[in-house]
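J.: My file is query_11.pdb. It has PDB, C-alpha atoms and all ligand atoms:
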```
ATOM      1  CA  MET A   2      44.225 -29.635 -16.502  1.00  0.00           C
ATOM      2  CA  ARG A   3      44.537 -27.260 -13.582  1.00  0.00           C
ATOM      3  CA  THR A   4      41.527 -26.432 -11.456  1.00  0.00           C
ATOM      4  CA  TYR A   5      40.952 -22.938 -10.117  1.00  0.00           C
ATOM      5  CA  LYS A   6      38.601 -21.972  -7.337  1.00  0.00           C
ATOM      6  CA  ILE A   7      37.212 -18.480  -7.865  1.00  0.00           C
ATOM      7  CA  VAL A   8      34.832 -16.664  -5.503  1.00  0.00           C
ATOM      8  CA  VAL A   9      32.390 -14.018  -6.724  1.00  0.00           C
ATOM      9  CA  THR A  10      31.439 -11.626  -3.961  1.00  0.00           C
ATOM     10  CA  GLY A  11      29.868  -8.187  -3.606  1.00  0.00           C
ATOM     11  CA  PRO A  12      26.771  -6.479  -2.247  1.00  0.00           C
ATOM     12  CA  PHE A  13      23.096  -7.284  -2.745  1.00  0.00           C
ATOM     13  CA  ASN A  14      21.909  -7.073  -6.357  1.00  0.00           C
ATOM     14  CA  ALA A  15      25.392  -6.505  -7.845  1.00  0.00           C
ATOM     15  CA  GLY A  16      24.972  -9.333 -10.380  1.00  0.00           C
ATOM     16  CA  LYS A  17      26.967 -12.197  -8.840  1.00  0.00           C
ATOM     17  CA  THR A  18      24.434 -14.948  -9.615  1.00  0.00           C
ATOM     18  CA  THR A  19      23.904 -13.497 -13.095  1.00  0.00           C
ATOM     19  CA  LEU A  20      27.641 -13.635 -13.835  1.00  0.00           C
ATOM     20  CA  ILE A  21      27.941 -17.278 -12.802  1.00  0.00           C
ATOM     21  CA  ARG A  22      24.812 -18.175 -14.781  1.00  0.00           C
ATOM     22  CA  THR A  23      26.163 -16.424 -17.880  1.00  0.00           C
ATOM     23  CA  LEU A  24      29.512 -18.169 -17.612  1.00  0.00           C
ATOM     24  CA  CYS A  25      28.373 -21.656 -16.677  1.00  0.00           C
ATOM     25  CA  GLY A  26      24.851 -22.033 -18.014  1.00  0.00           C
ATOM     26  CA  LYS A  27      23.380 -24.576 -15.651  1.00  0.00           C
ATOM     27  CA  ILE A  28      24.342 -23.745 -12.065  1.00  0.00           C
ATOM     28  CA  LEU A  29      23.460 -24.680  -8.530  1.00  0.00           C
ATOM     29  CA  GLU A  30      21.590 -21.743  -7.023  1.00  0.00           C
ATOM     30  CA  SER A  31      20.126 -20.978  -3.637  1.00  0.00           C
ATOM     31  CA  ASP A  32      17.947 -17.979  -4.425  1.00  0.00           C
ATOM     32  CA  ARG A  33      14.856 -17.566  -2.254  1.00  0.00           C
ATOM     33  CA  ARG A  34      11.985 -15.098  -2.458  1.00  0.00           C
ATOM     34  CA  LEU A  35      12.539 -11.826  -0.649  1.00  0.00           C
ATOM     35  CA  LEU A  36       9.873 -11.118   1.933  1.00  0.00           C
ATOM     36  CA  VAL A  37       9.957  -7.369   1.422  1.00  0.00           C
ATOM     37  CA  GLU A  38       9.385  -5.596  -1.841  1.00  0.00           C
ATOM     38  CA  THR A  39      12.660  -4.478  -3.429  1.00  0.00           C
ATOM     39  CA  VAL A  40      14.342  -4.102  -6.819  1.00  0.00           C
ATOM     40  CA  LYS A  41      14.133  -7.841  -7.408  1.00  0.00           C
ATOM     41  CA  GLN A  42      12.202 -10.859  -6.178  1.00  0.00           C
ATOM     42  CA  THR A  43      14.863 -13.296  -4.987  1.00  0.00           C
ATOM     43  CA  THR A  44      18.232 -13.247  -3.262  1.00  0.00           C
ATOM     44  CA  THR A  45      21.049 -15.752  -2.765  1.00  0.00           C
ATOM     45  CA  VAL A  46      20.866 -17.227   0.743  1.00  0.00           C
ATOM     46  CA  ALA A  47      23.756 -19.710   0.731  1.00  0.00           C
ATOM     47  CA  LEU A  48      25.825 -19.939  -2.442  1.00  0.00           C
ATOM     48  CA  ASP A  49      25.922 -20.232  -6.212  1.00  0.00           C
ATOM     49  CA  PHE A  50      28.101 -22.896  -7.775  1.00  0.00           C
ATOM     50  CA  GLY A  51      29.057 -23.387 -11.396  1.00  0.00           C
ATOM     51  CA  LEU A  52      31.742 -25.114 -13.436  1.00  0.00           C
ATOM     52  CA  LEU A  53      33.360 -24.194 -16.725  1.00  0.00           C
ATOM     53  CA  GLU A  54      36.460 -24.693 -18.806  1.00  0.00           C
ATOM     54  CA  VAL A  55      38.404 -21.694 -20.081  1.00  0.00           C
ATOM     55  CA  ASP A  56      41.323 -22.262 -22.442  1.00  0.00           C
ATOM     56  CA  ASP A  57      43.175 -25.089 -20.685  1.00  0.00           C
ATOM     57  CA  LYS A  58      41.782 -24.322 -17.257  1.00  0.00           C
ATOM     58  CA  ARG A  59      38.990 -25.843 -15.237  1.00  0.00           C
ATOM     59  CA  VAL A  60      37.222 -23.255 -13.104  1.00  0.00           C
ATOM     60  CA  ARG A  61      34.978 -23.701 -10.087  1.00  0.00           C
ATOM     61  CA  LEU A  62      32.952 -20.580  -9.411  1.00  0.00           C
ATOM     62  CA  PHE A  63      31.412 -19.906  -6.017  1.00  0.00           C
ATOM     63  CA  GLY A  64      29.049 -16.954  -5.562  1.00  0.00           C
ATOM     64  CA  THR A  65      28.403 -15.526  -2.110  1.00  0.00           C
ATOM     65  CA  PRO A  66      25.152 -14.078  -0.802  1.00  0.00           C
ATOM     66  CA  GLY A  67      25.132 -10.277  -0.884  1.00  0.00           C
ATOM     67  CA  GLN A  68      23.029  -9.574   2.165  1.00  0.00           C
ATOM     68  CA  ARG A  69      24.972  -8.923   5.345  1.00  0.00           C
ATOM     69  CA  ARG A  70      22.896 -11.325   7.421  1.00  0.00           C
ATOM     70  CA  PHE A  71      24.542 -14.167   5.468  1.00  0.00           C
ATOM     71  CA  PHE A  72      28.059 -12.883   5.972  1.00  0.00           C
ATOM     72  CA  PHE A  73      29.132 -16.065   7.765  1.00  0.00           C
ATOM     73  CA  MET A  74      29.154 -17.735   4.326  1.00  0.00           C
ATOM     74  CA  TRP A  75      31.985 -15.524   3.065  1.00  0.00           C
ATOM     75  CA  ARG A  76      34.641 -17.353   5.067  1.00  0.00           C
ATOM     76  CA  VAL A  77      33.159 -20.764   4.298  1.00  0.00           C
ATOM     77  CA  LEU A  78      33.164 -20.112   0.557  1.00  0.00           C
ATOM     78  CA  ALA A  79      36.546 -18.369   0.491  1.00  0.00           C
ATOM     79  CA  LYS A  80      38.403 -21.351   1.948  1.00  0.00           C
ATOM     80  CA  GLY A  81      41.040 -22.511  -0.526  1.00  0.00           C
ATOM     81  CA  MET A  82      40.163 -19.969  -3.207  1.00  0.00           C
ATOM     82  CA  ASP A  83      42.785 -18.980  -5.779  1.00  0.00           C
ATOM     83  CA  GLY A  84      41.297 -15.562  -6.407  1.00  0.00           C
ATOM     84  CA  TYR A  85      38.107 -13.539  -6.210  1.00  0.00           C
ATOM     85  CA  ILE A  86      35.942 -11.060  -8.057  1.00  0.00           C
ATOM     86  CA  LEU A  87      34.391  -8.154  -6.164  1.00  0.00           C
ATOM     87  CA  MET A  88      31.246  -7.240  -8.083  1.00  0.00           C
ATOM     88  CA  VAL A  89      29.857  -3.751  -7.741  1.00  0.00           C
ATOM     89  CA  ASP A  90      26.685  -2.353  -9.320  1.00  0.00           C
ATOM     90  CA  SER A  91      28.086   0.662 -11.120  1.00  0.00           C
ATOM     91  CA  GLN A  92      24.577   2.087 -11.476  1.00  0.00           C
ATOM     92  CA  ASP A  93      23.934   2.105  -7.722  1.00  0.00           C
ATOM     93  CA  PRO A  94      26.078   4.529  -5.682  1.00  0.00           C
ATOM     94  CA  LYS A  95      24.196   3.581  -2.484  1.00  0.00           C
ATOM     95  CA  SER A  96      25.607   0.043  -2.692  1.00  0.00           C
ATOM     96  CA  LEU A  97      29.186   1.335  -2.449  1.00  0.00           C
ATOM     97  CA  VAL A  98      29.074   1.379   1.354  1.00  0.00           C
ATOM     98  CA  ASP A  99      28.275  -2.336   1.464  1.00  0.00           C
ATOM     99  CA  ALA A 100      30.792  -3.038  -1.295  1.00  0.00           C
ATOM    100  CA  ALA A 101      33.503  -1.265   0.717  1.00  0.00           C
ATOM    101  CA  PHE A 102      32.591  -3.273   3.828  1.00  0.00           C
ATOM    102  CA  ILE A 103      32.855  -6.579   1.953  1.00  0.00           C
ATOM    103  CA  TYR A 104      36.065  -5.561   0.184  1.00  0.00           C
ATOM    104  CA  ASP A 105      37.644  -4.543   3.462  1.00  0.00           C
ATOM    105  CA  TYR A 106      36.723  -7.942   4.932  1.00  0.00           C
ATOM    106  CA  PHE A 107      38.295  -9.805   2.015  1.00  0.00           C
ATOM    107  CA  ARG A 108      41.430  -7.675   1.925  1.00  0.00           C
ATOM    108  CA  ARG A 109      42.013  -8.085   5.662  1.00  0.00           C
ATOM    109  CA  ASN A 110      41.248 -11.808   5.835  1.00  0.00           C
ATOM    110  CA  PHE A 111      42.840 -12.840   2.540  1.00  0.00           C
ATOM    111  CA  PRO A 112      45.709 -10.410   1.993  1.00  0.00           C
ATOM    112  CA  ASP A 113      47.620 -10.660  -1.294  1.00  0.00           C
ATOM    113  CA  LYS A 114      44.959 -12.893  -2.838  1.00  0.00           C
ATOM    114  CA  PRO A 115      44.660 -12.090  -6.562  1.00  0.00           C
ATOM    115  CA  HIS A 116      41.420 -10.252  -7.327  1.00  0.00           C
ATOM    116  CA  VAL A 117      39.692  -7.866  -9.685  1.00  0.00           C
ATOM    117  CA  ILE A 118      36.864  -5.398  -9.210  1.00  0.00           C
ATOM    118  CA  ALA A 119      34.027  -5.794 -11.702  1.00  0.00           C
ATOM    119  CA  ALA A 120      32.206  -2.520 -12.302  1.00  0.00           C
ATOM    120  CA  ASN A 121      29.050  -4.360 -13.337  1.00  0.00           C
ATOM    121  CA  LYS A 122      25.967  -3.069 -15.188  1.00  0.00           C
ATOM    122  CA  ALA A 123      28.291  -1.019 -17.380  1.00  0.00           C
ATOM    123  CA  ASP A 124      25.499  -1.017 -19.981  1.00  0.00           C
ATOM    124  CA  GLY A 125      23.683   1.778 -18.108  1.00  0.00           C
ATOM    125  CA  GLY A 126      23.773   5.466 -18.913  1.00  0.00           C
ATOM    126  CA  ASN A 127      24.599   6.913 -15.531  1.00  0.00           C
ATOM    127  CA  ILE A 128      27.494   4.921 -14.143  1.00  0.00           C
ATOM    128  CA  ILE A 129      29.824   5.668 -11.247  1.00  0.00           C
ATOM    129  CA  PRO A 130      33.192   6.939 -12.550  1.00  0.00           C
ATOM    130  CA  GLU A 131      36.131   4.619 -11.865  1.00  0.00           C
ATOM    131  CA  LYS A 132      37.849   7.247  -9.743  1.00  0.00           C
ATOM    132  CA  VAL A 133      34.850   7.551  -7.427  1.00  0.00           C
ATOM    133  CA  MET A 134      34.536   3.784  -7.143  1.00  0.00           C
ATOM    134  CA  ARG A 135      38.224   3.351  -6.334  1.00  0.00           C
ATOM    135  CA  HIS A 136      38.047   6.044  -3.693  1.00  0.00           C
ATOM    136  CA  ALA A 137      34.955   4.557  -2.028  1.00  0.00           C
ATOM    137  CA  LEU A 138      36.459   1.064  -2.005  1.00  0.00           C
ATOM    138  CA  LYS A 139      39.970   2.254  -1.074  1.00  0.00           C
ATOM    139  CA  ALA A 140      41.173   0.115  -3.978  1.00  0.00           C
ATOM    140  CA  PRO A 141      44.940   0.090  -4.573  1.00  0.00           C
ATOM    141  CA  SER A 142      45.994   1.421  -7.974  1.00  0.00           C
ATOM    142  CA  GLU A 143      47.381  -1.952  -9.067  1.00  0.00           C
ATOM    143  CA  ILE A 144      44.001  -3.652  -8.698  1.00  0.00           C
ATOM    144  CA  PRO A 145      42.080  -3.556 -11.994  1.00  0.00           C
ATOM    145  CA  VAL A 146      38.572  -2.117 -12.142  1.00  0.00           C
ATOM    146  CA  ILE A 147      36.948  -3.801 -15.140  1.00  0.00           C
ATOM    147  CA  PRO A 148      33.701  -2.457 -16.638  1.00  0.00           C
ATOM    148  CA  THR A 149      31.470  -5.525 -17.003  1.00  0.00           C
ATOM    149  CA  VAL A 150      28.058  -6.562 -18.279  1.00  0.00           C
ATOM    150  CA  ALA A 151      27.331  -9.806 -16.447  1.00  0.00           C
ATOM    151  CA  LEU A 152      24.449 -10.561 -18.826  1.00  0.00           C
ATOM    152  CA  ASP A 153      26.874 -10.634 -21.753  1.00  0.00           C
ATOM    153  CA  ARG A 154      28.986 -13.763 -22.198  1.00  0.00           C
ATOM    154  CA  GLU A 155      31.899 -12.075 -23.914  1.00  0.00           C
ATOM    155  CA  SER A 156      32.135  -9.457 -21.188  1.00  0.00           C
ATOM    156  CA  ALA A 157      31.878 -12.077 -18.442  1.00  0.00           C
ATOM    157  CA  MET A 158      34.582 -14.216 -20.081  1.00  0.00           C
ATOM    158  CA  ASN A 159      36.857 -11.210 -20.461  1.00  0.00           C
ATOM    159  CA  LEU A 160      36.548 -10.534 -16.728  1.00  0.00           C
ATOM    160  CA  LEU A 161      37.271 -14.130 -15.751  1.00  0.00           C
ATOM    161  CA  ARG A 162      40.228 -14.438 -18.148  1.00  0.00           C
ATOM    162  CA  PHE A 163      41.744 -11.285 -16.702  1.00  0.00           C
ATOM    163  CA  LEU A 164      41.617 -12.680 -13.170  1.00  0.00           C
ATOM    164  CA  LEU A 165      42.931 -16.122 -14.216  1.00  0.00           C
ATOM    165  CA  GLY A 166      45.874 -14.368 -15.845  1.00  0.00           C
ATOM    166  CA  MET A 167      46.779 -12.822 -12.489  1.00  0.00           C
ATOM    167  CA  ILE A 168      46.910 -16.176 -10.666  1.00  0.00           C
ATOM    168  CA  LYS A 169      50.194 -18.009 -10.490  1.00  0.00           C
ATOM    169  CA  LEU A 170      49.570 -21.568  -9.348  1.00  0.00           C
TER
HETATM  170  N1  LIG B 201      21.483  -3.906 -16.832  1.00  0.00           N
HETATM  171  C1  LIG B 201      22.116  -4.911 -16.254  1.00  0.00           C
HETATM  172  N2  LIG B 201      21.508  -5.644 -15.310  1.00  0.00           N
HETATM  173  C2  LIG B 201      22.194  -6.652 -14.737  1.00  0.00           C
HETATM  174  C3  LIG B 201      23.530  -6.956 -15.086  1.00  0.00           C
HETATM  175  N3  LIG B 201      23.945  -7.986 -14.315  1.00  0.00           N
HETATM  176  C4  LIG B 201      22.914  -8.309 -13.532  1.00  0.00           C
HETATM  177  N4  LIG B 201      21.842  -7.534 -13.777  1.00  0.00           N
HETATM  178  C5  LIG B 201      20.535  -7.570 -13.104  1.00  0.00           C
HETATM  179  O1  LIG B 201      20.734  -7.229 -11.745  1.00  0.00           O
HETATM  180  C6  LIG B 201      19.830  -7.936 -10.900  1.00  0.00           C
HETATM  181  C7  LIG B 201      20.548  -8.640  -9.794  1.00  0.00           C
HETATM  182  O2  LIG B 201      21.245  -9.747 -10.277  1.00  0.00           O
HETATM  183  P1  LIG B 201      21.685 -11.001  -9.357  1.00  0.00           P
HETATM  184  O3  LIG B 201      22.563 -11.803 -10.229  1.00  0.00           O
HETATM  185  O4  LIG B 201      20.517 -11.627  -8.714  1.00  0.00           O
HETATM  186  O5  LIG B 201      22.530 -10.254  -8.233  1.00  0.00           O
HETATM  187  P2  LIG B 201      23.291 -10.895  -6.986  1.00  0.00           P
HETATM  188  O6  LIG B 201      24.518 -10.112  -6.814  1.00  0.00           O
HETATM  189  O7  LIG B 201      23.428 -12.362  -7.158  1.00  0.00           O
HETATM  190  O8  LIG B 201      22.274 -10.574  -5.808  1.00  0.00           O
HETATM  191  P3  LIG B 201      22.170 -11.227  -4.308  1.00  0.00           P
HETATM  192  O9  LIG B 201      22.423 -12.682  -4.414  1.00  0.00           O
HETATM  193  O10 LIG B 201      20.778 -10.927  -3.886  1.00  0.00           O
HETATM  194  O11 LIG B 201      23.174 -10.502  -3.478  1.00  0.00           O
HETATM  195  C8  LIG B 201      19.030  -8.860 -11.843  1.00  0.00           C
HETATM  196  O12 LIG B 201      17.819  -8.242 -12.137  1.00  0.00           O
HETATM  197  C9  LIG B 201      19.918  -8.949 -13.073  1.00  0.00           C
HETATM  198  O13 LIG B 201      19.187  -9.204 -14.245  1.00  0.00           O
HETATM  199  C10 LIG B 201      24.163  -6.136 -16.091  1.00  0.00           C
HETATM  200  O14 LIG B 201      25.325  -6.297 -16.455  1.00  0.00           O
HETATM  201  N5  LIG B 201      23.411  -5.137 -16.613  1.00  0.00           N
HETATM  202 MG    MG B 202      22.901 -13.893  -5.953  1.00  0.00          MG
END
```
Is it possible to express this structure as structure tokens?
T.:
Amino acid sequence: MRTYKIVVTGPFNAGKTTLIRTLCGKILESDRRLLVETVKQTTTVALDFGLLEVDDKRVRLFGTPGQRRFFFMWRVLAKGMDGYILMVDSQDPKSLVDAAFIYDYFRRNFPDKPHVIAANKADGGNIIPEKVMRHALKAPSEIPVIPTVALDRESAMNLLRFLLGMIKL
């Protein structure tokens, strides 16, 4: 059985930890309480790690922190990855600036690495149109933008399967 290393990255609160939890069930987390009041109570400070088997593939999922002060972890976690998921909160236009910064970092440091963009929180009413998201991220037309609900297992699996299909080992 082949093993794939997949990194889940994206800005604060995009749903990275949620996705890995939905896919893997029991995971290693590093969430700590936020000291300032915000939309949620904890944030990832080092990494998330989870394992699962999809079809005939073994997958190791690594989630990055979203906050910029932990950016040094991106390179650590990306080492040896086969592909990555850029998660964006499609209900939060303000997070697009951070998402674009992270995407630019990944594209420049890991050129030609297979990846997909997950337009997460697609269950909301007022979501950013794909065209706007692509423009903000400067996403090439061949890179898929996949509407995702990280809380939903079927949606999360669909996203992961799509990326695995793009990876030629
Ligand atoms: N409505 C909705 N909420 C979601 C979805 N995915 C995640 N959330 C919520 O979004 C919030 C942030 O989720 P996390 O998984 O902590 O986000 P993260 O990207 O790991 O955040 P950091 O580690 O702090 O960068 C939580 O309250 C989740 O329940 C989704 O698909 N739909
Ligand atoms: Mg997290």
J.: I want to know what sits within 10 Å of region 107-120 of chain A, based on all atoms listed in the file, with residues of the same chain fewer than 3 positions away left out; could you give that as a PyMOL selection string?
T.: chain A and resi 7-11+15-17+75-76+79-80+82-92+101-104+123+128-131+134-135+138+140+143-151+157+160-161+163-169
J.: Translate the PyMOL selection byres (((chain A and resi 24) around 7) and not hetatm), as applied to the file shown, into an explicit residue set as a ChimeraX atom specification.
T.: /A:20-23,25-26,154,157-158
J.: If you count all atoms listed in the file, which residues fall within 7 Å of region 65-74 of chain A, apart from same-chain ones fewer than 4 positions away, as a PyMOL selection string?
T.: chain A and resi 9-13+45-49+78
J.: Please save C-alpha atoms of the selected residues as a CSV table (one decimal), keeping the file's coordinate frame.
T.:
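Saved file result15.csv follows:
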```csv
chain,number,residue,atom,x,y,z
A,9,VAL,CA,32.4,-14.0,-6.7
A,10,THR,CA,31.4,-11.6,-4.0
A,11,GLY,CA,29.9,-8.2,-3.6
A,12,PRO,CA,26.8,-6.5,-2.2
A,13,PHE,CA,23.1,-7.3,-2.7
A,45,THR,CA,21.0,-15.8,-2.8
A,46,VAL,CA,20.9,-17.2,0.7
A,47,ALA,CA,23.8,-19.7,0.7
A,48,LEU,CA,25.8,-19.9,-2.4
A,49,ASP,CA,25.9,-20.2,-6.2
A,78,LEU,CA,33.2,-20.1,0.6
```
J.: Any idea what the distance is between atom N4 of ligand LIG 201 (chain B) and CA of Asp124 (chain A)?
T.: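 Distance between the two atoms: 9.7 Å.
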J.: Could you check the closest approach to ligand MG 202 (chain B) for each of A:Phe50, A:Thr39, A:Ser96, A:Arg61 and tell me which residue wins, using all atoms listed in the file?
T.: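 Among the listed residues, A:Phe50 lies closest to ligand MG 202 (chain B).
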J.: Report the residues retrieved by the PyMOL selection byres (((chain A and resi 59) around 10) and not hetatm) from the displayed file, expressed as number ranges by chain.
T.: A: 2-6, 52-58, 60-62
J.: Which residue, A:Leu170, A:Ala137, A:Leu35, A:Leu29, has the smallest gap to ligand LIG 201 (chain B) when you use all atoms listed in the file?
T.: A:Leu35
J.: If I take atom O9 of ligand LIG 201 (chain B) and CA of Gly125 (chain A), how far is one from the other in Å, to one decimal?
T.: 20.0 Å
J.: With all atoms listed in the file as the basis for distance, which of A:Gly51, A:Gly64, A:Tyr106, A:Asp153 is at the shortest distance from ligand MG 202 (chain B)?
T.: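 Among the listed residues, A:Gly64 lies closest to ligand MG 202 (chain B).
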J.: Separation of atom O9 of ligand LIG 201 (chain B) and CA of Glu30 (chain A), in Å?
T.: 9.5 Å
J.: Have a look at A:Ala100, A:Leu152, A:Val37, A:Ile28 and name the one nearest to ligand LIG 201 (chain B); count all atoms listed in the file.
T.: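 The shortest atom-to-atom distance to ligand LIG 201 (chain B) comes from A:Leu152.
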J.: Assuming 6 Å of padding per side, give the centre and edge lengths of the axis-aligned box around every listed atom of ligand LIG 201 (chain B), in Å to one decimal and as AutoDock Vina command-line options.
T.:
```
--center_x 21.6 --center_y -8.3 --center_z -10.2 --size_x 19.5 --size_y 20.8 --size_z 25.4
```
J.: Using all atoms listed in the file, which of the listed residues (A:Ser31, A:Asp105, A:Gln42, A:Asn121) sits closest to ligand LIG 201 (chain B)?
T.: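 Selected residue with least distance to ligand LIG 201 (chain B): A:Asn121.
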